[in-house]
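Structure, as structure tokens:
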Amino acid sequence: MNYQKPRGTQDILPSESKKWQYLENEIRKITNLYGFGEIRTPIFEHTEVFKRENDSSDVVNKEMYTFTMNKTSLTLRPEQTASVVRSYVENKLYGVSELPLKLFYIGPQFRHERPQKGRLRQFHQFGTEILGARNPFLDVECIALGYTLLQKLGLKSLKVLLNTLGDKESRETYRDALQKHFSPVIHEYCEDCKRRLDQNPLRILDCKVDKEHLYTKNAPQIEDYLNEESKNYFEQVKQGLETLNIPYEIDSRLVRGLDYYCDTVFEVVSTSEALGSQSTIFGGGRYEKLTEYYGGPETPAVGFGMGLERVLLALELENPSLITEEGIEAYVMCLSKDLQHKAFKIVQDLRAAGFRVQGDYFSRSLKAQFKSVDKTSAKFAIILGNKEDENQSVNIKEIATQNQDSVKYSEINNYMKLKLGGN
RNA sequence: GCGAUCGUGGUGAAGUGGUUAACACAGCGGGUUGUGGUCCCGUCAUGCGUGGGUUCGAACCCCAUCGGUCGCCCCA
């Protein structure tokens, strides 16, 4: 029997987890600046939380990790917006919170898809949700937060794609227009599109199969069906981005997968090679019917989800020197088995004083232990052998200068403090 | 769900039917008994993802299966 991790999962090993910690730190810093509080929801939920009835989306209900325990159907979260909104309603946050409520999350999500570059079965997302206010500045704030974060990390080849789906009224008018437009020729379209015609004709627009179809190319544009309110709203979003000097492109094909979106939708893609065909780094938009589904009051909201694996992929190519390995401060070498206890004590005393210290665990030769000094990039080698022990002292060698001092046991910590400062 | 391609030691890899699985790096030991990073020597895969099959004989051929990589679909 040999054990392998399940397909599409990964072990994040220390060299890699360092990058994760760095990224998560930056996320915590910026969300803190923007006034977002962290929400941690369960990794699994009742299946109904994700499998919404009356949802005409193509995707919900597919590719989920669902299992049954004691006749209860549970599902590993494939996204977190649903969980956050469920939590918002369940905890009646609309009543106790100062609105708008700004939340963020970081964590693993699960989708049963075929792995490829930038796509795993267990992957990680950072996301935000702003609940309880309909204001174009909040849409802009979302985009700005994500965009600024990526810029700060050193990503350059970013492109902001923007579109509006209009408010409910505009959407319905537009939807009717699309249905009228496509109906006569729908038999020329793919099976998915035939279904979309009734369920969600907007999605025909970004269908990959039929994107070259004449009727797709000259389909009615949403701009022409926006009512004054929606037009105005979108205008303010655009102006907001311009005020912040965030370049964007209008992409009228941008629809996003779920049909609970309304008004602003956006996607930030990387044009770098690093991401292969999965180029979206974060995407999201405004929604307002989701809270009602979970039994809460109608609540306008806006949010995005960001794929952290993709951020890391892009980072590797565009800013590989972001995280530097830091050496330890001292390596304690022990040259005699009889002295291991003393060496161990020295290690622990230095650690207690706040120094990063390692020791030898194999009773290896002097040569081998010096190699460890190199590999750990230790600033000092502390050498303890019988000769030194006779004088109740150790030799401390500064690697950079090759200088070596004899230091009494009782003075080791003071010596190191003097050399390394602080603590 | 579909397609392409790959899977040999800690790492990078050679080997594509015939006795002891090349080489390099790392590791460990040694080169005058305790001062390394260069150099030299020695040592390091009873096994070639896993399970079957073909064959006198398989890492090499066949089947299945699990995984990696990339693409399609999709991307909540």
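Going by the structure tokens order, chains are called A, B, ..., each with residues numbered from 1, while ligands are numbered from 1 in the order shown.
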Item to check | Shell around segment 229-241 of chain A at 12 Å using only C-alpha atoms (C1' of nucleotides), local window under 6 positions removed, as JSON, numbers by chain | outcome: {"A": [134, 135, 136, 137, 138, 139, 140, 141, 142, 143, 144, 145, 147, 160, 161, 162, 163, 164, 165, 166, 167, 168, 169, 170, 171, 222, 223, 247, 248, 249, 250, 262, 263, 264, 265, 266, 285, 286]}
Mind writing the picked residues with N, CA and C atoms as a compact mmCIF listing (two decimals), in the first residue's frame?
```txt
# COMPACT_ATOMS: atom_id res chain seq x y z
N ARG A 134 -26.14 50.02 -0.20
CA ARG A 134 -25.98 50.10 -1.65
C ARG A 134 -25.38 51.44 -1.98
N ASN A 135 -24.11 51.43 -2.25
CA ASN A 135 -23.40 52.68 -2.50
C ASN A 135 -22.22 52.39 -3.42
N PRO A 136 -22.14 53.09 -4.52
CA PRO A 136 -21.09 52.79 -5.50
C PRO A 136 -19.69 52.89 -4.91
N PHE A 137 -19.52 53.70 -3.89
CA PHE A 137 -18.19 53.81 -3.30
C PHE A 137 -17.75 52.49 -2.67
N LEU A 138 -18.72 51.72 -2.21
CA LEU A 138 -18.37 50.43 -1.62
C LEU A 138 -17.89 49.46 -2.69
N ASP A 139 -18.51 49.53 -3.86
CA ASP A 139 -18.05 48.70 -4.97
C ASP A 139 -16.61 49.06 -5.31
N VAL A 140 -16.37 50.35 -5.36
CA VAL A 140 -15.02 50.83 -5.68
C VAL A 140 -14.05 50.42 -4.58
N GLU A 141 -14.51 50.50 -3.35
CA GLU A 141 -13.65 50.14 -2.23
C GLU A 141 -13.19 48.68 -2.32
N CYS A 142 -14.11 47.82 -2.70
CA CYS A 142 -13.78 46.41 -2.87
C CYS A 142 -12.68 46.23 -3.91
N ILE A 143 -12.90 46.82 -5.05
CA ILE A 143 -11.92 46.69 -6.13
C ILE A 143 -10.60 47.28 -5.69
N ALA A 144 -10.67 48.44 -5.05
CA ALA A 144 -9.45 49.13 -4.63
C ALA A 144 -8.68 48.30 -3.62
N LEU A 145 -9.40 47.68 -2.71
CA LEU A 145 -8.72 46.89 -1.69
C LEU A 145 -7.92 45.76 -2.33
N TYR A 147 -7.05 45.38 -5.47
CA TYR A 147 -6.07 45.89 -6.43
C TYR A 147 -4.84 46.42 -5.70
N VAL A 160 -8.21 45.37 -14.77
CA VAL A 160 -9.51 45.38 -14.11
C VAL A 160 -10.59 45.39 -15.18
N LEU A 161 -11.41 44.36 -15.16
CA LEU A 161 -12.54 44.29 -16.09
C LEU A 161 -13.81 44.64 -15.33
N LEU A 162 -14.64 45.46 -15.97
CA LEU A 162 -15.79 45.99 -15.26
C LEU A 162 -17.03 45.90 -16.14
N ASN A 163 -18.13 45.63 -15.51
CA ASN A 163 -19.39 45.64 -16.25
C ASN A 163 -20.52 45.90 -15.27
N THR A 164 -21.69 46.19 -15.80
CA THR A 164 -22.86 46.30 -14.93
C THR A 164 -23.96 45.43 -15.50
N LEU A 165 -24.71 44.86 -14.60
CA LEU A 165 -25.87 44.07 -15.03
C LEU A 165 -27.15 44.84 -14.81
N GLY A 166 -27.02 46.03 -14.22
CA GLY A 166 -28.19 46.85 -13.98
C GLY A 166 -28.99 46.38 -12.77
N ASP A 167 -29.93 47.19 -12.35
CA ASP A 167 -30.77 46.77 -11.23
C ASP A 167 -31.83 45.80 -11.75
N LYS A 168 -32.70 45.44 -10.85
CA LYS A 168 -33.68 44.40 -11.18
C LYS A 168 -34.49 44.75 -12.42
N GLU A 169 -34.97 45.97 -12.44
CA GLU A 169 -35.81 46.41 -13.55
C GLU A 169 -35.04 46.39 -14.87
N SER A 170 -33.84 46.93 -14.83
CA SER A 170 -33.03 46.96 -16.05
C SER A 170 -32.71 45.56 -16.54
N ARG A 171 -32.40 44.71 -15.58
CA ARG A 171 -32.05 43.34 -15.95
C ARG A 171 -33.21 42.65 -16.65
N ILE A 222 -26.17 45.82 -22.85
CA ILE A 222 -26.82 46.18 -21.59
C ILE A 222 -26.94 47.68 -21.42
N GLU A 223 -25.94 48.42 -21.92
CA GLU A 223 -25.96 49.88 -21.76
C GLU A 223 -27.29 50.48 -22.22
N PRO A 247 -6.95 51.94 -13.38
CA PRO A 247 -7.36 51.76 -14.76
C PRO A 247 -8.30 50.56 -14.90
N TYR A 248 -9.28 50.69 -15.77
CA TYR A 248 -10.23 49.58 -15.95
C TYR A 248 -10.66 49.52 -17.40
N GLU A 249 -11.23 48.38 -17.75
CA GLU A 249 -11.79 48.21 -19.08
C GLU A 249 -13.22 47.76 -18.93
N ILE A 250 -14.10 48.31 -19.73
CA ILE A 250 -15.48 47.82 -19.73
C ILE A 250 -15.52 46.55 -20.57
N CYS A 262 -26.09 41.67 -9.43
CA CYS A 262 -26.79 42.77 -10.08
C CYS A 262 -25.85 43.97 -10.08
N ASP A 263 -26.17 44.95 -10.86
CA ASP A 263 -25.30 46.13 -10.98
C ASP A 263 -23.86 45.73 -11.26
N THR A 264 -22.96 46.26 -10.44
CA THR A 264 -21.54 46.09 -10.73
C THR A 264 -21.04 44.65 -10.67
N VAL A 265 -20.35 44.23 -11.70
CA VAL A 265 -19.57 43.00 -11.62
C VAL A 265 -18.16 43.33 -12.11
N PHE A 266 -17.18 42.64 -11.53
CA PHE A 266 -15.80 42.93 -11.92
C PHE A 266 -14.94 41.69 -11.81
N GLY A 285 -18.81 41.05 -7.26
CA GLY A 285 -19.80 41.99 -7.71
C GLY A 285 -20.83 42.27 -6.64
N ARG A 286 -21.85 42.97 -7.06
CA ARG A 286 -22.91 43.35 -6.13
C ARG A 286 -24.06 42.35 -6.21
```
Item to check | Polymer residues at most 12 Å from G49 of chain B, only C-alpha atoms (C1' of nucleotides), same-chain spacing of 4 or more positions, as a count of residues only | outcome: 12
Item to check | Pick from B:C23, B:A58, B:A4, B:C28 nearest to chain A, counting only C-alpha atoms (C1' of nucleotides) | outcome: B:C28
Checklist entry - Which is closest to chain A among B:C41, B:U19, B:C61, B:U50, if we use only C-alpha atoms (C1' of nucleotides)? => result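 Closest to chain A, using only C-alpha atoms (C1' of nucleotides): B:U50.
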Next on the checklist: Considering only alpha helix (DSSP H) as DSSP defines it on the backbone, what residues of segment 242-327 of chain A qualify? List them as a list in words.
Outcome noted: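 Assigned to alpha helix (DSSP H), within segment 242-327 of chain A: Glu242, Thr243, Leu290, Thr291, Glu292, Tyr293, Leu308, Glu309, Arg310, Val311, Leu312, Leu313, Ala314, Leu315, Glu316, Leu317 and Glu318 of chain A.
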Item to check | Exercise answer, chain B residues close to chain A, 9 Å and only C-alpha atoms (C1' of nucleotides), as a PyMOL selection string | outcome: chain B and resi 34-37+49-50+66-67+69-71+74-76
Next on the checklist: One number please: atom CA of Val311 of chain A to atom CA of Leu153 of chain A, in Å, one decimal.
Outcome noted: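 Between these atoms lies a distance of 9.1 Å.
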Next on the checklist: Please list as a VMD selection string every residue within 8 Å of segment 91-103 of chain A, counting only C-alpha atoms (C1' of nucleotides) and excluding residues in the same chain fewer than 3 positions away.
Outcome noted: chain A and resid 35 to 39 87 to 88 128 to 133 296
Preceding selection exported with N, CA, C and O atoms as a PDB file, in the first residue's frame:
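Now in result-v5.pdb:
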```
ATOM      1  N   GLY A  35     -10.992  48.532   7.625  1.00  0.00           N
ATOM      2  CA  GLY A  35     -12.056  48.327   8.594  1.00  0.00           C
ATOM      3  C   GLY A  35     -12.879  47.067   8.412  1.00  0.00           C
ATOM      4  O   GLY A  35     -14.068  47.039   8.746  1.00  0.00           O
ATOM      5  N   PHE A  36     -12.238  46.024   7.900  1.00  0.00           N
ATOM      6  CA  PHE A  36     -12.942  44.753   7.768  1.00  0.00           C
ATOM      7  C   PHE A  36     -12.624  43.851   8.954  1.00  0.00           C
ATOM      8  O   PHE A  36     -11.489  43.811   9.425  1.00  0.00           O
ATOM      9  N   GLY A  37     -13.638  43.142   9.434  1.00  0.00           N
ATOM     10  CA  GLY A  37     -13.417  42.182  10.508  1.00  0.00           C
ATOM     11  C   GLY A  37     -13.417  40.773   9.948  1.00  0.00           C
ATOM     12  O   GLY A  37     -14.130  40.479   8.986  1.00  0.00           O
ATOM     13  N   GLU A  38     -12.610  39.922  10.542  1.00  0.00           N
ATOM     14  CA  GLU A  38     -12.525  38.556  10.016  1.00  0.00           C
ATOM     15  C   GLU A  38     -13.692  37.702  10.478  1.00  0.00           C
ATOM     16  O   GLU A  38     -14.071  37.722  11.638  1.00  0.00           O
ATOM     17  N   ILE A  39     -14.245  36.950   9.545  1.00  0.00           N
ATOM     18  CA  ILE A  39     -15.287  35.982   9.893  1.00  0.00           C
ATOM     19  C   ILE A  39     -14.775  34.593   9.538  1.00  0.00           C
ATOM     20  O   ILE A  39     -14.151  34.408   8.501  1.00  0.00           O
ATOM     21  N   SER A  87     -24.448  33.144   7.715  1.00  0.00           N
ATOM     22  CA  SER A  87     -24.055  33.531   9.062  1.00  0.00           C
ATOM     23  C   SER A  87     -24.620  34.906   9.437  1.00  0.00           C
ATOM     24  O   SER A  87     -25.076  35.123  10.561  1.00  0.00           O
ATOM     25  N   TYR A  88     -24.597  35.793   8.481  1.00  0.00           N
ATOM     26  CA  TYR A  88     -25.135  37.152   8.672  1.00  0.00           C
ATOM     27  C   TYR A  88     -26.599  37.084   9.083  1.00  0.00           C
ATOM     28  O   TYR A  88     -27.039  37.745  10.032  1.00  0.00           O
ATOM     29  N   THR A 128     -13.979  39.292   0.563  1.00  0.00           N
ATOM     30  CA  THR A 128     -14.628  40.305   1.390  1.00  0.00           C
ATOM     31  C   THR A 128     -16.116  40.321   1.076  1.00  0.00           C
ATOM     32  O   THR A 128     -16.525  39.966  -0.035  1.00  0.00           O
ATOM     33  N   GLU A 129     -16.908  40.707   2.036  1.00  0.00           N
ATOM     34  CA  GLU A 129     -18.331  40.951   1.804  1.00  0.00           C
ATOM     35  C   GLU A 129     -18.685  42.212   2.579  1.00  0.00           C
ATOM     36  O   GLU A 129     -18.354  42.333   3.763  1.00  0.00           O
ATOM     37  N   ILE A 130     -19.323  43.143   1.888  1.00  0.00           N
ATOM     38  CA  ILE A 130     -19.813  44.341   2.569  1.00  0.00           C
ATOM     39  C   ILE A 130     -21.331  44.290   2.516  1.00  0.00           C
ATOM     40  O   ILE A 130     -21.920  44.342   1.428  1.00  0.00           O
ATOM     41  N   LEU A 131     -21.948  44.155   3.672  1.00  0.00           N
ATOM     42  CA  LEU A 131     -23.390  43.939   3.719  1.00  0.00           C
ATOM     43  C   LEU A 131     -24.118  45.148   4.292  1.00  0.00           C
ATOM     44  O   LEU A 131     -23.643  45.791   5.235  1.00  0.00           O
ATOM     45  N   GLY A 132     -25.256  45.456   3.688  1.00  0.00           N
ATOM     46  CA  GLY A 132     -26.144  46.423   4.313  1.00  0.00           C
ATOM     47  C   GLY A 132     -26.138  47.814   3.720  1.00  0.00           C
ATOM     48  O   GLY A 132     -26.730  48.718   4.300  1.00  0.00           O
ATOM     49  N   ALA A 133     -25.498  48.016   2.599  1.00  0.00           N
ATOM     50  CA  ALA A 133     -25.555  49.338   1.996  1.00  0.00           C
ATOM     51  C   ALA A 133     -25.385  49.237   0.484  1.00  0.00           C
ATOM     52  O   ALA A 133     -24.598  48.435  -0.003  1.00  0.00           O
ATOM     53  N   GLY A 296     -33.420  36.216   5.699  1.00  0.00           N
ATOM     54  CA  GLY A 296     -33.174  37.527   6.286  1.00  0.00           C
ATOM     55  C   GLY A 296     -33.834  38.614   5.468  1.00  0.00           C
ATOM     56  O   GLY A 296     -34.465  38.339   4.445  1.00  0.00           O
TER      57      GLY A 296
END
```
